[in-house]
Amino acid sequence: MYNMFLRRRLKLQDNNTARHVECHVTASAKDALRPLRDVILSARSQYVQVVSAILIAVGTYAKIAKEKNVVDTLAFDPALLLIVVGSVMFLITFLGCFGALRNIICLLKTFLAILTVILILQIAAGVVGYLFTEKVMERTERLMMRAIIRYREDPDLENAIDFVQKKFQCCGVESYKDWSHNVYFECSDNNPSLEACGVPFSCCVSLQNQTVLNTMCGFGVNQMEESLVGEEVFTIGCLEKIVWWAKNNLLLVAGLTAGLLLLEIGMICLAAAQISKIKKVQLQKKENEYRSRSERKESYWFPAFAEFDDE
């Protein structure tokens, strides 16, 4: 009877050892074949982190290089805007990257929730912009007019406006006359500025084979006859030119928008899959611990008067 007890005990121990070896081999195989979604999620997050770090660096450099006592409004300070956008992007992608590498469900859930909210807000903004196009255009016009008023107050804003006017060959918001709302270009007898009744040089029509930039080409334009203004500066507003460019490059705009949305949707799906995988592994680990605990008790405990059949 005692020999039967020893044989059964040894048999159970051999089964437990074989099962543990099998589980260890399976776990090692799973570790060797690391899921592709983990690598993709962390790689995408790291790529966006690099982009956000560049934005923060450029914005910080521009902010430090600028003069003091300039405008610090987020809507009209490109340097401050770069810093804020870069910081938010870096924080969000850090949650996803660190959560994916360390398998932390809390960080992954936060990353998933933030991306979902951003995606919903983007879709809602697109729908609202399509349904209320006129109001969106009015608000955009007001925002651009405020930027013109603050033209000389911020070097970064000044460079941004000059770039847009050169790129789209436009001047002002609706026309070149919008520059009269700026205190430096205001056309009045009480304005002591040398640029009174003029427009920035970025509004000027570039001459062929021009090697030296004439920064005074827009002086006194608002005092000229409208029939002659078109020979010196661009007369069409930038809002109209930007809308026209977007309509003519609709496929490019749609492609960029779809690419951004697909990137966000892909990262949301990868984060959700990673969370599901971690939960499944944790549940399986608890079940294995409970099973091994039960088998250990069974291998060391038998009833006092158990009958052992000799096979």
# chains A, B, ... in the order shown; residues from 1 in each chain; ligands from 1
>>> residues_around(residues="Leu95 of chain A", least_positions_apart="3", cutoff="12 Å", atoms="only C-alpha atoms", output="ChimeraX atom specification")
/A:41-42,45-46,48-49,88-92,98-115,271
>>> write_last_selection(atoms="N, CA and C atoms", output="mmCIF file, in the first residue's frame")
data_model
loop_
_atom_site.group_PDB
_atom_site.id
_atom_site.type_symbol
_atom_site.label_atom_id
_atom_site.label_comp_id
_atom_site.auth_asym_id
_atom_site.auth_seq_id
_atom_site.Cartn_x
_atom_site.Cartn_y
_atom_site.Cartn_z
ATOM 1 N N LEU A 41 2.960 49.500 -32.870
ATOM 2 C CA LEU A 41 2.442 50.539 -31.976
ATOM 3 C C LEU A 41 3.571 51.350 -31.371
ATOM 4 N N SER A 42 4.608 50.679 -30.865
ATOM 5 C CA SER A 42 5.730 51.405 -30.270
ATOM 6 C C SER A 42 6.515 52.190 -31.328
ATOM 7 N N SER A 45 4.531 55.289 -32.256
ATOM 8 C CA SER A 45 4.588 56.241 -31.152
ATOM 9 C C SER A 45 5.945 56.935 -31.103
ATOM 10 N N GLN A 46 7.025 56.168 -31.301
ATOM 11 C CA GLN A 46 8.353 56.765 -31.285
ATOM 12 C C GLN A 46 8.556 57.723 -32.447
ATOM 13 N N VAL A 48 6.201 59.565 -33.913
ATOM 14 C CA VAL A 48 5.484 60.802 -33.573
ATOM 15 C C VAL A 48 6.200 61.548 -32.459
ATOM 16 N N GLN A 49 6.860 60.816 -31.546
ATOM 17 C CA GLN A 49 7.632 61.465 -30.497
ATOM 18 C C GLN A 49 8.784 62.273 -31.081
ATOM 19 N N VAL A 88 1.897 68.370 -26.303
ATOM 20 C CA VAL A 88 0.723 67.489 -26.228
ATOM 21 C C VAL A 88 0.974 66.196 -27.003
ATOM 22 N N MET A 89 1.540 66.312 -28.211
ATOM 23 C CA MET A 89 1.847 65.121 -29.011
ATOM 24 C C MET A 89 2.838 64.210 -28.293
ATOM 25 N N PHE A 90 3.867 64.798 -27.684
ATOM 26 C CA PHE A 90 4.878 64.002 -26.997
ATOM 27 C C PHE A 90 4.277 63.269 -25.803
ATOM 28 N N LEU A 91 3.413 63.946 -25.049
ATOM 29 C CA LEU A 91 2.798 63.324 -23.883
ATOM 30 C C LEU A 91 1.895 62.156 -24.290
ATOM 31 N N ILE A 92 1.091 62.369 -25.320
ATOM 32 C CA ILE A 92 0.164 61.312 -25.754
ATOM 33 C C ILE A 92 0.931 60.100 -26.272
ATOM 34 N N PHE A 98 5.305 53.820 -23.902
ATOM 35 C CA PHE A 98 5.711 53.226 -22.631
ATOM 36 C C PHE A 98 4.726 52.147 -22.193
ATOM 37 N N GLY A 99 3.426 52.391 -22.419
ATOM 38 C CA GLY A 99 2.427 51.388 -22.066
ATOM 39 C C GLY A 99 2.568 50.122 -22.882
ATOM 40 N N ALA A 100 2.925 50.262 -24.176
ATOM 41 C CA ALA A 100 3.093 49.080 -25.028
ATOM 42 C C ALA A 100 4.351 48.304 -24.669
ATOM 43 N N LEU A 101 5.435 49.004 -24.339
ATOM 44 C CA LEU A 101 6.686 48.330 -24.026
ATOM 45 C C LEU A 101 6.651 47.654 -22.663
ATOM 46 N N ARG A 102 5.967 48.263 -21.693
ATOM 47 C CA ARG A 102 5.930 47.720 -20.339
ATOM 48 C C ARG A 102 4.624 46.990 -20.016
ATOM 49 N N ASN A 103 3.716 46.922 -21.011
ATOM 50 C CA ASN A 103 2.432 46.220 -20.824
ATOM 51 C C ASN A 103 1.645 46.776 -19.636
ATOM 52 N N ILE A 104 1.530 48.105 -19.579
ATOM 53 C CA ILE A 104 0.782 48.771 -18.510
ATOM 54 C C ILE A 104 -0.587 49.137 -19.057
ATOM 55 N N ILE A 105 -1.621 48.474 -18.558
ATOM 56 C CA ILE A 105 -2.968 48.665 -19.088
ATOM 57 C C ILE A 105 -3.469 50.081 -18.837
ATOM 58 N N CYS A 106 -3.151 50.656 -17.685
ATOM 59 C CA CYS A 106 -3.647 51.998 -17.343
ATOM 60 C C CYS A 106 -3.186 53.035 -18.369
ATOM 61 N N LEU A 107 -1.902 52.995 -18.745
ATOM 62 C CA LEU A 107 -1.373 53.946 -19.730
ATOM 63 C C LEU A 107 -1.973 53.701 -21.110
ATOM 64 N N LEU A 108 -2.127 52.425 -21.460
ATOM 65 C CA LEU A 108 -2.711 52.113 -22.766
ATOM 66 C C LEU A 108 -4.165 52.556 -22.846
ATOM 67 N N LYS A 109 -4.912 52.393 -21.763
ATOM 68 C CA LYS A 109 -6.309 52.842 -21.757
ATOM 69 C C LYS A 109 -6.387 54.363 -21.877
ATOM 70 N N THR A 110 -5.488 55.064 -21.182
ATOM 71 C CA THR A 110 -5.454 56.534 -21.295
ATOM 72 C C THR A 110 -5.108 56.957 -22.718
ATOM 73 N N PHE A 111 -4.110 56.306 -23.300
ATOM 74 C CA PHE A 111 -3.716 56.570 -24.687
ATOM 75 C C PHE A 111 -4.881 56.310 -25.639
ATOM 76 N N LEU A 112 -5.579 55.204 -25.435
ATOM 77 C CA LEU A 112 -6.727 54.848 -26.284
ATOM 78 C C LEU A 112 -7.856 55.862 -26.142
ATOM 79 N N ALA A 113 -8.133 56.290 -24.914
ATOM 80 C CA ALA A 113 -9.220 57.254 -24.681
ATOM 81 C C ALA A 113 -8.906 58.606 -25.321
ATOM 82 N N ILE A 114 -7.664 59.080 -25.190
ATOM 83 C CA ILE A 114 -7.289 60.383 -25.758
ATOM 84 C C ILE A 114 -7.377 60.346 -27.272
ATOM 85 N N LEU A 115 -6.859 59.277 -27.890
ATOM 86 C CA LEU A 115 -6.926 59.170 -29.345
ATOM 87 C C LEU A 115 -8.372 59.093 -29.837
ATOM 88 N N ALA A 271 -3.781 49.681 -29.954
ATOM 89 C CA ALA A 271 -3.844 49.844 -28.492
ATOM 90 C C ALA A 271 -4.927 48.953 -27.894
#
>>> closest_residue(among="A:Val136, A:Ala273, A:Val233, A:Leu256", to="Gly172 of chain A", atoms="only C-alpha atoms")
A:Val233
>>> residues_around(residues="segment 195-197 of chain A", least_positions_apart="4", cutoff="12 Å", atoms="only C-alpha atoms", output="compact mmCIF listing (two decimals) with all heavy atoms, in the first residue's frame")
# COMPACT_ATOMS: atom_id res chain seq x y z
N ARG A 152 2.95 93.59 -37.16
CA ARG A 152 4.27 94.05 -36.71
C ARG A 152 4.56 93.69 -35.25
O ARG A 152 5.66 93.98 -34.77
CB ARG A 152 4.37 95.57 -36.86
CG ARG A 152 4.38 96.07 -38.30
CD ARG A 152 5.57 95.57 -39.05
NE ARG A 152 5.73 96.25 -40.35
CZ ARG A 152 6.52 95.81 -41.31
NH1 ARG A 152 7.22 94.72 -41.13
NH2 ARG A 152 6.60 96.47 -42.45
N TYR A 176 -6.28 93.93 -51.00
CA TYR A 176 -5.12 94.65 -50.48
C TYR A 176 -5.51 95.80 -49.56
O TYR A 176 -4.71 96.26 -48.74
CB TYR A 176 -4.28 95.17 -51.65
CG TYR A 176 -4.95 96.27 -52.45
CD1 TYR A 176 -4.68 97.61 -52.21
CD2 TYR A 176 -5.86 95.96 -53.47
CE1 TYR A 176 -5.29 98.61 -52.95
CE2 TYR A 176 -6.47 96.95 -54.20
CZ TYR A 176 -6.20 98.28 -53.94
OH TYR A 176 -6.82 99.27 -54.68
N LYS A 177 -6.74 96.26 -49.66
CA LYS A 177 -7.20 97.37 -48.82
C LYS A 177 -7.34 97.00 -47.36
O LYS A 177 -7.47 97.87 -46.49
CB LYS A 177 -8.53 97.90 -49.35
CG LYS A 177 -8.43 98.55 -50.73
CD LYS A 177 -9.77 99.11 -51.18
CE LYS A 177 -9.66 99.78 -52.54
NZ LYS A 177 -10.96 100.34 -52.99
N ASP A 178 -7.34 95.69 -47.05
CA ASP A 178 -7.45 95.26 -45.65
C ASP A 178 -6.27 95.71 -44.82
O ASP A 178 -6.37 95.80 -43.58
CB ASP A 178 -7.56 93.73 -45.59
CG ASP A 178 -8.85 93.22 -46.20
OD1 ASP A 178 -9.86 93.95 -46.16
OD2 ASP A 178 -8.86 92.08 -46.72
N TRP A 179 -5.14 96.02 -45.46
CA TRP A 179 -3.97 96.44 -44.71
C TRP A 179 -4.14 97.83 -44.10
O TRP A 179 -3.32 98.24 -43.26
CB TRP A 179 -2.73 96.39 -45.59
CG TRP A 179 -2.24 94.99 -45.77
CD1 TRP A 179 -2.40 94.19 -46.85
CD2 TRP A 179 -1.52 94.22 -44.81
NE1 TRP A 179 -1.84 92.96 -46.64
CE2 TRP A 179 -1.28 92.95 -45.39
CE3 TRP A 179 -1.05 94.47 -43.52
CZ2 TRP A 179 -0.60 91.95 -44.71
CZ3 TRP A 179 -0.38 93.47 -42.85
CH2 TRP A 179 -0.16 92.23 -43.44
N SER A 180 -5.18 98.54 -44.48
CA SER A 180 -5.44 99.85 -43.87
C SER A 180 -5.88 99.71 -42.41
O SER A 180 -5.87 100.69 -41.66
CB SER A 180 -6.53 100.60 -44.66
OG SER A 180 -6.07 100.90 -45.96
N HIS A 181 -6.26 98.47 -41.99
CA HIS A 181 -6.66 98.25 -40.60
C HIS A 181 -5.45 98.12 -39.69
O HIS A 181 -5.59 98.16 -38.46
CB HIS A 181 -7.52 96.99 -40.49
CG HIS A 181 -8.84 97.10 -41.19
ND1 HIS A 181 -9.01 96.79 -42.51
CD2 HIS A 181 -10.06 97.50 -40.74
CE1 HIS A 181 -10.27 96.97 -42.86
NE2 HIS A 181 -10.93 97.41 -41.81
N ASN A 182 -4.27 97.96 -40.27
CA ASN A 182 -3.05 97.90 -39.46
C ASN A 182 -2.56 99.31 -39.17
O ASN A 182 -2.58 100.18 -40.05
CB ASN A 182 -1.97 97.09 -40.21
CG ASN A 182 -0.73 96.88 -39.38
OD1 ASN A 182 0.08 97.77 -39.21
ND2 ASN A 182 -0.58 95.68 -38.85
N VAL A 183 -2.11 99.53 -37.94
CA VAL A 183 -1.75 100.88 -37.52
C VAL A 183 -0.56 101.42 -38.31
O VAL A 183 -0.43 102.64 -38.51
CB VAL A 183 -1.45 100.89 -36.00
CG1 VAL A 183 -0.22 100.03 -35.69
CG2 VAL A 183 -1.27 102.30 -35.48
N TYR A 184 0.31 100.54 -38.79
CA TYR A 184 1.48 101.00 -39.55
C TYR A 184 1.14 101.33 -41.00
O TYR A 184 1.79 102.17 -41.62
CB TYR A 184 2.58 99.93 -39.53
CG TYR A 184 3.15 99.68 -38.15
CD1 TYR A 184 2.66 98.65 -37.35
CD2 TYR A 184 4.17 100.48 -37.65
CE1 TYR A 184 3.18 98.42 -36.09
CE2 TYR A 184 4.69 100.26 -36.39
CZ TYR A 184 4.19 99.22 -35.61
OH TYR A 184 4.71 99.00 -34.36
N PHE A 185 0.12 100.67 -41.55
CA PHE A 185 -0.26 100.87 -42.95
C PHE A 185 -1.55 101.68 -43.11
O PHE A 185 -2.06 101.82 -44.22
CB PHE A 185 -0.44 99.51 -43.64
CG PHE A 185 0.80 98.67 -43.63
CD1 PHE A 185 0.96 97.65 -42.71
CD2 PHE A 185 1.82 98.88 -44.55
CE1 PHE A 185 2.09 96.86 -42.70
CE2 PHE A 185 2.96 98.10 -44.55
CZ PHE A 185 3.10 97.08 -43.61
N GLU A 186 -2.07 102.18 -42.00
CA GLU A 186 -3.32 102.95 -42.05
C GLU A 186 -3.16 104.19 -42.92
O GLU A 186 -2.18 104.94 -42.79
CB GLU A 186 -3.74 103.35 -40.64
CG GLU A 186 -5.06 104.08 -40.58
CD GLU A 186 -5.41 104.51 -39.18
OE1 GLU A 186 -4.59 104.26 -38.26
OE2 GLU A 186 -6.50 105.10 -38.99
N CYS A 187 -4.12 104.38 -43.81
CA CYS A 187 -4.04 105.51 -44.74
C CYS A 187 -4.81 106.70 -44.17
O CYS A 187 -6.01 106.86 -44.39
CB CYS A 187 -4.60 105.10 -46.10
SG CYS A 187 -4.21 106.26 -47.43
N SER A 188 -4.10 107.51 -43.43
CA SER A 188 -4.72 108.72 -42.84
C SER A 188 -3.64 109.79 -42.71
O SER A 188 -2.44 109.51 -42.68
CB SER A 188 -5.33 108.40 -41.47
OG SER A 188 -4.34 108.02 -40.55
N ASP A 189 -4.09 111.03 -42.62
CA ASP A 189 -3.16 112.15 -42.53
C ASP A 189 -2.43 112.17 -41.19
O ASP A 189 -1.36 112.78 -41.06
CB ASP A 189 -3.89 113.47 -42.74
CG ASP A 189 -4.50 113.57 -44.13
OD1 ASP A 189 -3.96 112.90 -45.05
OD2 ASP A 189 -5.52 114.27 -44.29
N ASN A 190 -3.03 111.55 -40.16
CA ASN A 190 -2.44 111.58 -38.83
C ASN A 190 -1.45 110.44 -38.59
O ASN A 190 -0.89 110.32 -37.50
CB ASN A 190 -3.54 111.49 -37.77
CG ASN A 190 -4.50 112.67 -37.85
OD1 ASN A 190 -4.08 113.79 -38.16
ND2 ASN A 190 -5.77 112.44 -37.55
N ASN A 191 -1.26 109.59 -39.58
CA ASN A 191 -0.36 108.45 -39.42
C ASN A 191 1.08 108.86 -39.77
O ASN A 191 1.38 109.16 -40.93
CB ASN A 191 -0.81 107.29 -40.32
CG ASN A 191 -0.04 106.01 -40.04
OD1 ASN A 191 0.81 105.96 -39.16
ND2 ASN A 191 -0.34 104.97 -40.80
N PHE A 201 5.84 94.19 -48.44
CA PHE A 201 6.55 93.86 -49.69
C PHE A 201 6.14 92.49 -50.23
O PHE A 201 6.32 92.21 -51.42
CB PHE A 201 8.06 93.89 -49.46
CG PHE A 201 8.58 92.75 -48.62
CD1 PHE A 201 9.06 91.60 -49.22
CD2 PHE A 201 8.57 92.83 -47.24
CE1 PHE A 201 9.54 90.55 -48.46
CE2 PHE A 201 9.04 91.78 -46.46
CZ PHE A 201 9.52 90.64 -47.07
N THR A 215 11.95 96.21 -50.68
CA THR A 215 11.01 96.16 -49.56
C THR A 215 10.09 97.37 -49.51
O THR A 215 9.17 97.41 -48.70
CB THR A 215 11.78 96.06 -48.23
OG1 THR A 215 12.67 97.17 -48.12
CG2 THR A 215 12.56 94.76 -48.17
N MET A 216 10.29 98.35 -50.37
CA MET A 216 9.46 99.55 -50.39
C MET A 216 8.51 99.56 -51.59
O MET A 216 7.90 100.58 -51.89
CB MET A 216 10.36 100.80 -50.44
CG MET A 216 11.32 100.91 -49.27
SD MET A 216 12.45 102.32 -49.41
CE MET A 216 11.31 103.69 -49.34
N CYS A 217 8.36 98.40 -52.23
CA CYS A 217 7.55 98.36 -53.45
C CYS A 217 6.07 98.59 -53.18
O CYS A 217 5.32 98.99 -54.08
CB CYS A 217 7.75 97.02 -54.16
SG CYS A 217 7.31 95.58 -53.14
N GLY A 218 5.62 98.36 -51.95
CA GLY A 218 4.20 98.52 -51.65
C GLY A 218 3.83 99.85 -51.05
O GLY A 218 2.66 100.07 -50.67
N PHE A 219 4.77 100.79 -50.97
CA PHE A 219 4.48 102.09 -50.35
C PHE A 219 3.51 102.89 -51.21
O PHE A 219 3.68 103.00 -52.42
CB PHE A 219 5.78 102.88 -50.17
CG PHE A 219 6.60 102.43 -49.00
CD1 PHE A 219 6.50 101.13 -48.51
CD2 PHE A 219 7.49 103.29 -48.38
CE1 PHE A 219 7.25 100.71 -47.44
CE2 PHE A 219 8.26 102.87 -47.31
CZ PHE A 219 8.13 101.57 -46.83
N GLY A 220 2.51 103.47 -50.55
CA GLY A 220 1.56 104.37 -51.21
C GLY A 220 0.61 103.69 -52.18
O GLY A 220 -0.01 104.37 -53.02
N VAL A 221 0.42 102.38 -52.10
CA VAL A 221 -0.44 101.67 -53.04
C VAL A 221 -1.90 102.09 -52.89
O VAL A 221 -2.62 102.22 -53.89
CB VAL A 221 -0.27 100.13 -52.83
CG1 VAL A 221 -1.36 99.38 -53.59
CG2 VAL A 221 1.10 99.68 -53.31
N ASN A 222 -2.32 102.32 -51.64
CA ASN A 222 -3.73 102.67 -51.41
C ASN A 222 -4.08 104.07 -51.90
O ASN A 222 -5.26 104.44 -51.91
CB ASN A 222 -4.07 102.56 -49.91
CG ASN A 222 -4.27 101.12 -49.48
OD1 ASN A 222 -4.95 100.34 -50.15
ND2 ASN A 222 -3.66 100.74 -48.37
N GLN A 223 -3.11 104.84 -52.29
CA GLN A 223 -3.37 106.16 -52.85
C GLN A 223 -3.40 106.14 -54.37
O GLN A 223 -3.70 107.15 -55.00
CB GLN A 223 -2.30 107.15 -52.36
CG GLN A 223 -2.37 107.45 -50.87
CD GLN A 223 -1.27 108.40 -50.43
OE1 GLN A 223 -0.17 108.40 -50.99
NE2 GLN A 223 -1.56 109.21 -49.42
N MET A 224 -3.07 105.00 -54.96
CA MET A 224 -3.05 104.88 -56.41
C MET A 224 -4.43 104.53 -56.94
O MET A 224 -5.33 104.10 -56.18
CB MET A 224 -2.05 103.78 -56.83
CG MET A 224 -0.61 104.06 -56.45
SD MET A 224 0.49 102.64 -56.76
CE MET A 224 0.20 102.39 -58.51
>>> residues_around(residues="Gly237 of chain A", least_positions_apart="2", cutoff="6 Å", atoms="only C-alpha atoms", output="list in words")
Cys170, Cys171, Gly172, Val173, Glu174, Ser175, Leu239 and Glu240 of chain A
>>> write_last_selection(atoms="N, CA, C and O atoms", output="PDB file, in the first residue's frame")
ATOM      1  N   CYS A 170      -1.213  86.613 -53.055  1.00  0.00           N
ATOM      2  CA  CYS A 170      -2.410  87.327 -52.600  1.00  0.00           C
ATOM      3  C   CYS A 170      -1.993  88.472 -51.698  1.00  0.00           C
ATOM      4  O   CYS A 170      -0.806  88.626 -51.370  1.00  0.00           O
ATOM      5  N   CYS A 171      -2.965  89.244 -51.268  1.00  0.00           N
ATOM      6  CA  CYS A 171      -2.680  90.387 -50.412  1.00  0.00           C
ATOM      7  C   CYS A 171      -3.894  90.681 -49.544  1.00  0.00           C
ATOM      8  O   CYS A 171      -5.001  90.881 -50.067  1.00  0.00           O
ATOM      9  N   GLY A 172      -3.719  90.678 -48.235  1.00  0.00           N
ATOM     10  CA  GLY A 172      -4.832  90.922 -47.330  1.00  0.00           C
ATOM     11  C   GLY A 172      -5.739  89.709 -47.196  1.00  0.00           C
ATOM     12  O   GLY A 172      -5.409  88.607 -47.630  1.00  0.00           O
ATOM     13  N   VAL A 173      -6.890  89.934 -46.588  1.00  0.00           N
ATOM     14  CA  VAL A 173      -7.863  88.850 -46.404  1.00  0.00           C
ATOM     15  C   VAL A 173      -8.797  88.784 -47.600  1.00  0.00           C
ATOM     16  O   VAL A 173      -8.900  87.744 -48.272  1.00  0.00           O
ATOM     17  N   GLU A 174      -9.484  89.895 -47.879  1.00  0.00           N
ATOM     18  CA  GLU A 174     -10.377  89.956 -49.044  1.00  0.00           C
ATOM     19  C   GLU A 174      -9.740  90.732 -50.191  1.00  0.00           C
ATOM     20  O   GLU A 174      -9.994  90.436 -51.363  1.00  0.00           O
ATOM     21  N   SER A 175      -8.928  91.751 -49.849  1.00  0.00           N
ATOM     22  CA  SER A 175      -8.226  92.529 -50.868  1.00  0.00           C
ATOM     23  C   SER A 175      -7.060  93.253 -50.211  1.00  0.00           C
ATOM     24  O   SER A 175      -6.884  93.197 -48.988  1.00  0.00           O
ATOM     25  N   LEU A 239      -7.793  84.724 -48.455  1.00  0.00           N
ATOM     26  CA  LEU A 239      -8.834  83.760 -48.114  1.00  0.00           C
ATOM     27  C   LEU A 239      -9.406  83.131 -49.385  1.00  0.00           C
ATOM     28  O   LEU A 239      -9.589  81.907 -49.464  1.00  0.00           O
ATOM     29  N   GLU A 240      -9.673  83.947 -50.368  1.00  0.00           N
ATOM     30  CA  GLU A 240     -10.198  83.445 -51.636  1.00  0.00           C
ATOM     31  C   GLU A 240      -9.178  82.553 -52.347  1.00  0.00           C
ATOM     32  O   GLU A 240      -9.538  81.502 -52.903  1.00  0.00           O
TER      33      GLU A 240
END
>>> atom_distance(atom1="atom CA of Val205 of chain A", atom2="atom CA of Trp244 of chain A")
19.4 Å
>>> closest_residue(among="A:Val128, A:Val243, A:Ile123, A:Lys279", to="Ala258 of chain A", atoms="only C-alpha atoms")
A:Ile123
>>> closest_residue(among="A:Val58, A:Val199, A:Ile242, A:Leu228", to="Asp156 of chain A", atoms="only C-alpha atoms")
A:Val58
>>> atom_distance(atom1="atom CA of Glu264 of chain A", atom2="atom CA of Leu55 of chain A")
19.3 Å
>>> select_by_dssp(residues="segment 63-162 of chain A", states="alpha helix (DSSP H)", output="ChimeraX atom specification")
/A:63-65,78-102,105-131,133-149,155-162
>>> write_last_selection(atoms="C-alpha atoms", output="CSV table (one decimal), in the first residue's frame")
chain,number,residue,atom,x,y,z
A,63,LYS,CA,10.5,81.8,-28.6
A,64,ILE,CA,13.9,82.5,-27.1
A,65,ALA,CA,15.3,84.2,-30.2
A,78,PRO,CA,3.5,80.4,-34.1
A,79,ALA,CA,6.4,79.6,-31.7
A,80,LEU,CA,4.0,79.2,-28.7
A,81,LEU,CA,1.7,77.1,-30.9
A,82,LEU,CA,4.6,74.8,-31.9
A,83,ILE,CA,5.6,74.3,-28.2
A,84,VAL,CA,2.0,73.5,-27.1
A,85,VAL,CA,1.2,71.2,-30.0
A,86,GLY,CA,4.6,69.4,-29.7
A,87,SER,CA,4.2,69.0,-25.9
A,88,VAL,CA,0.7,67.5,-26.2
A,89,MET,CA,1.8,65.1,-29.0
A,90,PHE,CA,4.9,64.0,-27.0
A,91,LEU,CA,2.8,63.3,-23.9
A,92,ILE,CA,0.2,61.3,-25.8
A,93,THR,CA,2.7,59.2,-27.7
A,94,PHE,CA,4.7,58.6,-24.5
A,95,LEU,CA,1.7,57.0,-22.9
A,96,GLY,CA,1.2,54.7,-25.9
A,97,CYS,CA,4.9,53.8,-26.3
A,98,PHE,CA,5.7,53.2,-22.6
A,99,GLY,CA,2.4,51.4,-22.1
A,100,ALA,CA,3.1,49.1,-25.0
A,101,LEU,CA,6.7,48.3,-24.0
A,102,ARG,CA,5.9,47.7,-20.3
A,105,ILE,CA,-3.0,48.7,-19.1
A,106,CYS,CA,-3.6,52.0,-17.3
A,107,LEU,CA,-1.4,53.9,-19.7
A,108,LEU,CA,-2.7,52.1,-22.8
A,109,LYS,CA,-6.3,52.8,-21.8
A,110,THR,CA,-5.5,56.5,-21.3
A,111,PHE,CA,-3.7,56.6,-24.7
A,112,LEU,CA,-6.7,54.8,-26.3
A,113,ALA,CA,-9.2,57.3,-24.7
A,114,ILE,CA,-7.3,60.4,-25.8
A,115,LEU,CA,-6.9,59.2,-29.3
A,116,THR,CA,-10.6,58.3,-29.5
A,117,VAL,CA,-11.6,61.7,-28.2
A,118,ILE,CA,-9.3,63.4,-30.7
A,119,LEU,CA,-10.7,61.3,-33.6
A,120,ILE,CA,-14.3,62.1,-32.6
A,121,LEU,CA,-13.5,65.9,-32.4
A,122,GLN,CA,-11.9,65.8,-35.8
A,123,ILE,CA,-14.9,64.1,-37.4
A,124,ALA,CA,-17.3,66.5,-35.6
A,125,ALA,CA,-15.2,69.5,-36.7
A,126,GLY,CA,-15.4,68.3,-40.3
A,127,VAL,CA,-19.1,67.7,-40.2
A,128,VAL,CA,-19.7,71.1,-38.5
A,129,GLY,CA,-17.5,72.8,-41.1
A,130,TYR,CA,-19.4,71.2,-43.9
A,131,LEU,CA,-22.8,72.1,-42.5
A,133,THR,CA,-19.5,76.7,-44.1
A,134,GLU,CA,-20.6,80.3,-44.1
A,135,LYS,CA,-20.0,80.7,-40.3
A,136,VAL,CA,-16.7,79.0,-40.5
A,137,MET,CA,-15.6,81.3,-43.3
A,138,GLU,CA,-16.7,84.3,-41.3
A,139,ARG,CA,-14.8,83.2,-38.3
A,140,THR,CA,-11.7,82.4,-40.4
A,141,GLU,CA,-11.9,85.9,-42.0
A,142,ARG,CA,-12.1,87.5,-38.6
A,143,LEU,CA,-9.1,85.5,-37.4
A,144,MET,CA,-7.0,86.4,-40.4
A,145,MET,CA,-8.0,90.1,-40.0
A,146,ARG,CA,-6.8,90.0,-36.4
A,147,ALA,CA,-3.5,88.5,-37.6
A,148,ILE,CA,-3.1,91.4,-40.1
A,149,ILE,CA,-3.8,93.9,-37.2
A,155,PRO,CA,8.2,88.5,-36.0
A,156,ASP,CA,7.1,84.9,-36.4
A,157,LEU,CA,3.5,86.0,-37.3
A,158,GLU,CA,5.0,88.5,-39.7
A,159,ASN,CA,7.1,85.9,-41.4
A,160,ALA,CA,4.1,83.5,-41.6
A,161,ILE,CA,1.9,86.1,-43.2
A,162,ASP,CA,4.6,87.1,-45.7
>>> atom_distance(atom1="atom CA of Gly230 of chain A", atom2="atom CA of Trp245 of chain A")
20.5 Å
